[in-house]
Structures are given as structure tokens and as C-alpha cells.
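Just final_35.txt here, compact mmCIF, C-alpha atoms and all ligand atoms:
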# COMPACT_ATOMS: atom_id res chain seq x y z
CA MET K 227 7.28 7.38 -8.79
CA LYS K 228 8.77 4.03 -7.91
CA LEU K 229 7.41 1.96 -5.04
CA THR K 230 10.90 2.16 -3.55
CA ASP K 231 10.68 5.98 -3.51
CA LEU K 232 7.38 5.80 -1.62
CA ASP K 233 8.63 3.69 1.32
CA GLY K 234 7.10 0.64 -0.35
CA ARG K 235 7.19 -2.42 1.87
CA PHE K 236 5.59 -5.84 1.68
CA ALA K 237 3.08 -6.81 4.39
CA PHE K 238 2.51 -10.17 6.07
CA GLY K 239 0.78 -11.60 9.15
CA ALA K 240 -2.41 -9.64 8.44
CA THR K 241 -5.14 -9.68 11.10
CA LYS K 242 -8.13 -7.52 11.96
CA THR K 243 -5.85 -5.19 13.91
CA GLY K 244 -2.98 -4.78 11.45
CA SER K 245 -0.07 -6.45 9.71
CA SER K 246 3.70 -6.64 9.89
CA LEU K 247 5.99 -5.01 7.36
CA SER K 248 8.96 -6.69 5.68
CA ASP K 249 12.36 -5.08 5.25
CA GLY K 250 13.03 -7.51 2.38
CA ASN K 251 12.40 -7.30 -1.33
CA THR K 252 10.61 -10.50 -2.27
CA VAL K 253 6.89 -10.94 -2.78
CA GLU K 254 7.18 -14.61 -1.78
CA GLY K 255 5.21 -15.22 1.45
CA MET K 256 3.81 -11.69 1.50
CA GLN K 257 0.09 -10.89 1.70
CA GLY K 258 0.19 -7.31 0.44
CA VAL K 259 2.12 -4.11 -0.06
CA MET K 260 2.09 -0.71 1.60
CA PHE K 261 3.34 2.51 0.05
CA GLN K 262 2.92 6.23 0.45
CA CYS K 263 0.31 8.10 -1.55
CA PRO K 264 2.00 9.84 -4.50
CA SER K 265 -0.92 12.24 -4.86
CA CYS K 266 -1.05 13.50 -1.25
CA GLY K 267 2.77 13.36 -1.10
CA ALA K 268 3.28 15.52 -4.20
CA GLY K 269 5.57 18.46 -3.50
CA LYS K 270 6.58 17.25 -0.04
CA GLU K 271 10.17 16.59 1.02
CA ILE K 272 11.72 13.22 0.10
CA VAL K 273 13.82 11.84 2.96
CA VAL K 274 16.60 9.25 2.53
CA ASP K 275 17.38 7.34 5.73
CA HIS K 276 20.81 5.74 5.33
CA GLU K 277 20.53 4.16 8.80
CA ARG K 278 17.72 1.86 7.66
CA GLU K 279 17.51 -0.50 4.71
CA THR K 280 14.32 -1.69 3.07
CA GLY K 281 14.32 -3.76 -0.08
CA GLY K 282 18.14 -3.88 -0.01
CA ARG K 283 18.62 -0.08 -0.27
CA PRO K 284 18.40 2.95 2.02
CA ARG K 285 14.83 3.69 3.06
CA ARG K 286 13.26 6.55 1.08
CA PHE K 287 10.01 8.17 2.15
CA ILE K 288 7.99 11.36 1.80
CA ALA K 289 7.75 13.39 4.99
CA GLY K 290 4.13 13.52 6.10
CA ALA K 291 2.43 11.47 3.37
CA HIS K 292 -0.13 8.82 4.34
CA TYR K 293 0.15 5.15 3.37
CA ILE K 294 -1.98 3.01 1.07
CA ARG K 295 -2.24 -0.69 1.92
CA VAL K 296 -3.22 -3.23 -0.71
CA PHE K 297 -3.72 -6.93 -0.02
CA PHE K 298 -3.26 -9.51 -2.75
CA ALA K 299 -5.93 -11.88 -4.11
CA ASN K 300 -3.19 -14.30 -5.16
CA PRO K 301 -0.29 -14.23 -2.67
CA ARG K 302 2.47 -16.82 -3.16
CA GLY K 303 3.30 -19.26 -0.38
CA VAL K 304 0.87 -17.76 2.15
CA ASP K 305 -2.89 -17.46 2.70
CA VAL K 306 -4.86 -14.46 1.45
CA ALA K 307 -5.27 -11.84 4.19
CA PRO K 308 -8.48 -12.45 6.18
CA PRO K 309 -11.58 -10.51 4.99
CA ASP K 310 -11.63 -8.36 8.14
CA ALA K 311 -8.03 -7.18 7.64
CA ASP K 312 -7.92 -3.57 6.48
CA LEU K 313 -11.61 -2.62 6.60
CA ARG K 314 -12.82 0.57 4.95
CA ASN K 315 -13.93 3.61 6.98
CA ASP K 316 -17.52 2.37 6.83
CA GLY K 317 -16.53 -1.09 8.14
CA THR K 318 -16.91 -2.98 4.85
CA PRO K 319 -14.07 -5.15 3.50
CA ASN K 320 -11.62 -3.74 0.97
CA PRO K 321 -11.16 -5.69 -2.26
CA ARG K 322 -8.02 -7.74 -2.94
CA TRP K 323 -5.80 -7.00 -5.91
CA THR K 324 -4.26 -9.43 -8.37
CA MET K 325 -0.49 -9.26 -8.14
CA SER K 326 2.28 -10.22 -10.53
CA GLY K 327 6.04 -9.79 -10.33
CA THR K 328 8.68 -10.86 -7.83
CA SER K 329 9.77 -7.76 -5.89
CA LEU K 330 9.14 -4.06 -5.27
CA ASP K 331 11.04 -3.40 -8.50
CA ASP K 332 8.63 -5.23 -10.82
CA LEU K 333 5.36 -5.51 -8.89
CA THR K 334 2.17 -5.01 -10.90
CA LEU K 335 -1.31 -4.76 -9.35
CA THR K 336 -4.65 -5.00 -11.12
CA PRO K 337 -7.11 -3.37 -11.31
CA SER K 338 -6.38 0.30 -10.52
CA ILE K 339 -6.29 1.59 -6.92
CA ASN K 340 -8.94 4.19 -6.12
CA CYS K 341 -8.76 5.97 -2.76
CA ASP K 342 -11.40 8.54 -3.72
CA ILE K 343 -14.43 6.65 -2.39
CA PRO K 344 -17.04 8.60 -0.39
CA TRP K 345 -18.26 6.82 2.73
CA THR K 346 -21.15 6.97 5.19
CA ASP K 347 -20.61 6.75 8.95
CA LYS K 348 -22.78 4.84 11.44
CA ASP K 349 -25.02 7.91 11.87
CA GLY K 350 -25.74 8.00 8.15
CA VAL K 351 -23.58 11.07 7.53
CA ALA K 352 -21.82 11.04 4.15
CA HIS K 353 -18.13 11.96 3.98
CA PRO K 354 -15.97 12.63 0.92
CA SER K 355 -12.63 10.85 0.82
CA SER K 356 -9.79 13.05 2.03
CA CYS K 357 -7.53 11.35 -0.56
CA LYS K 358 -8.16 11.81 -4.28
CA TYR K 359 -5.59 9.28 -5.52
CA HIS K 360 -6.71 6.95 -8.30
CA GLY K 361 -3.90 5.24 -10.16
CA PHE K 362 -1.90 2.15 -10.98
CA VAL K 363 1.06 0.12 -9.79
CA THR K 364 2.80 -1.26 -12.88
CA ASN K 365 6.24 -2.87 -12.98
CA GLY K 366 7.20 -1.18 -9.68
CA GLU K 367 6.00 2.28 -10.80
CA VAL K 368 3.15 4.07 -9.03
CA THR K 369 1.25 6.37 -11.37
ZN ZN G 401 -3.64 10.28 -0.69

For the structure just supplied, provide its representation as C-alpha cells.
Ligand SMILES: [Zn+2]
Amino acid sequence: MKLTDLDGRFAFGATKTGSSLSDGNTVEGMQGVMFQCPSCGAGKEIVVDHERETGGRPRRFIAGAHYIRVFFANPRGVDVAPPDADLRNDGTPNPRWTMSGTSLDDLTLTPSINCDIPWTDKDGVAHPSSCKYHGFVTNGEVT
């Protein structure tokens, strides 16, 4: 599916407690991207909200699917998101992805994005990931 079918939006202003989301469609000045999980969203209803534009078109999203946030290692015109932005469940930092492209329509991220990472809580109890997505964002397509 396309990033624009998964409520894809660029993120900026990242801090330990969150980030802001852009309604625009340029990667310039953006620290990352957020989009809905195509794996967990499979088979769910796609909603088109004509009252709201993102990326220059009506917002499209999957009812009830969670979001994946990826910060860039090489943002343009802005600093890399701080290391404590978007920590994993176990409190360790997430990696940053190398980005190329100019917009949601041609964004490419490397390497792959793997959400299926087991984690251990502060009591030493191991948990499987609830999300099994492992895929790619290539030229605006999420596979
Ligand atoms: Zn998922």
C-alpha cells in the first residue's frame, strides 16, 4: 500500500514525549514519518476523510490500525531527532533510518522496518511483539 493510503504524515519537533505531525507533503525540515501498520491493518475498513487534507489530498486511514513511527538518520534542514525520542518498550533507543526522496509519494527508507522484536520488561519478563510487521518503504510504497 502507499504511504498516503496509510495516513502517512511527516513528523517534526521530536522530543522525549512525542512529536508534531505535518499536514504537508515535503520531507524538507522533517525528522521522520508516521504511518499505519499495513500488516495489522489488513482487512480493516479504509476511511476517506474529505474534511481533512494531508499531503495535498483527502486524508485516508485504516480504522483501528496502529501507527509506526520512523525517525531519519539524515533529515534535511533540521537536526536528527534526539536519542530519547521514540524509545522502545524496554526503554532503549530505536534506530534511525536512512531516507531518500522528497515527499510521501517517493520516500524510501533503509534498511527494512521490523516491528516484530521481543522485549523484556523491568521485572525481567519477556514479551513477544504484538505486531509482526517486517517490511520496506520504497518509493512511497509500504510492503
Ligand atoms: Zn502492526

Once 8 Å is added on each side, what are the centre and the three edge lengths, in Å to one decimal, of the axis-aligned box enclosing the listed atoms of range 228-244 of chain K? Present them as JSON.
{"center_x": 1.4, "center_y": -2.8, "center_z": 3.0, "size_x": 35.0, "size_y": 33.6, "size_z": 37.8}

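With only C-alpha atoms as the atoms that count, the minimum distance from Ile288 in chain K to the choices K:Gly258, K:Pro337, K:Gly269, K:Gly244 is reached by K:Gly269.
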
Query raised in the report: Which value, in Å to one decimal, gives the distance between CA of Arg302 in chain K and CA of Gly234 in chain K?
Result: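 Taking CA of Arg302 in chain K as the start and CA of Gly234 in chain K as the end point, the length is 18.3 Å.
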
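The residues sitting within 8 Å of ligand ZN 401 (chain G), with only C-alpha atoms and all ligand atoms considered, come out as Gln262, Cys263, Pro264, Ser265, Cys266, Gly267, Ala291, His292, Tyr293, Ile294, Cys341, Ser356, Cys357, Lys358 and Tyr359 of chain K.
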
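Nearest residue to Phe297 in chain K, choosing from K:Arg322, K:Arg314, K:Arg235, K:His276 and counting all atoms listed in the file: K:Arg322.
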
Query raised in the report: Could you work out how far CA of Pro319 in chain K lies from CA of Phe261 in chain K, giving the answer in Å with one decimal?
Result: 19.3 Å

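With CA of Thr243 in chain K on one side and CA of Asn315 in chain K on the other, the separation reads 13.8 Å.
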
Query raised in the report: Neighbours of Arg286 in chain K within 7 Å (only C-alpha atoms; same-chain residues fewer than 4 positions away dropped), as a ChimeraX atom specification?
Result: /K:230-233,272-275

Query raised in the report: Between K:Asp249, K:Glu254, K:Glu279, K:Asp342, which is the closest to Ser326 in chain K once you count only C-alpha atoms?
Result: K:Glu254

Query - Option closest in space to Lys270 in chain K, from K:Phe287, K:Gly282, K:Ser338, K:Gly255 [counting only C-alpha atoms] - result: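 Closest residue, counting only C-alpha atoms: K:Phe287.
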
Query - Point (-18.3, 1.8, 9.2), cut-off 9 Å, counting only C-alpha atoms, residues as an MDAnalysis selection string - result: chainID K and resid 313:318 345:348

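Look at Ile339 in chain K: the protein and nucleic acid residues within 7 Å of it, using all atoms listed in the file and passing over chain neighbours fewer than 5 places away, are K:His360, K:Gly361, K:Phe362.
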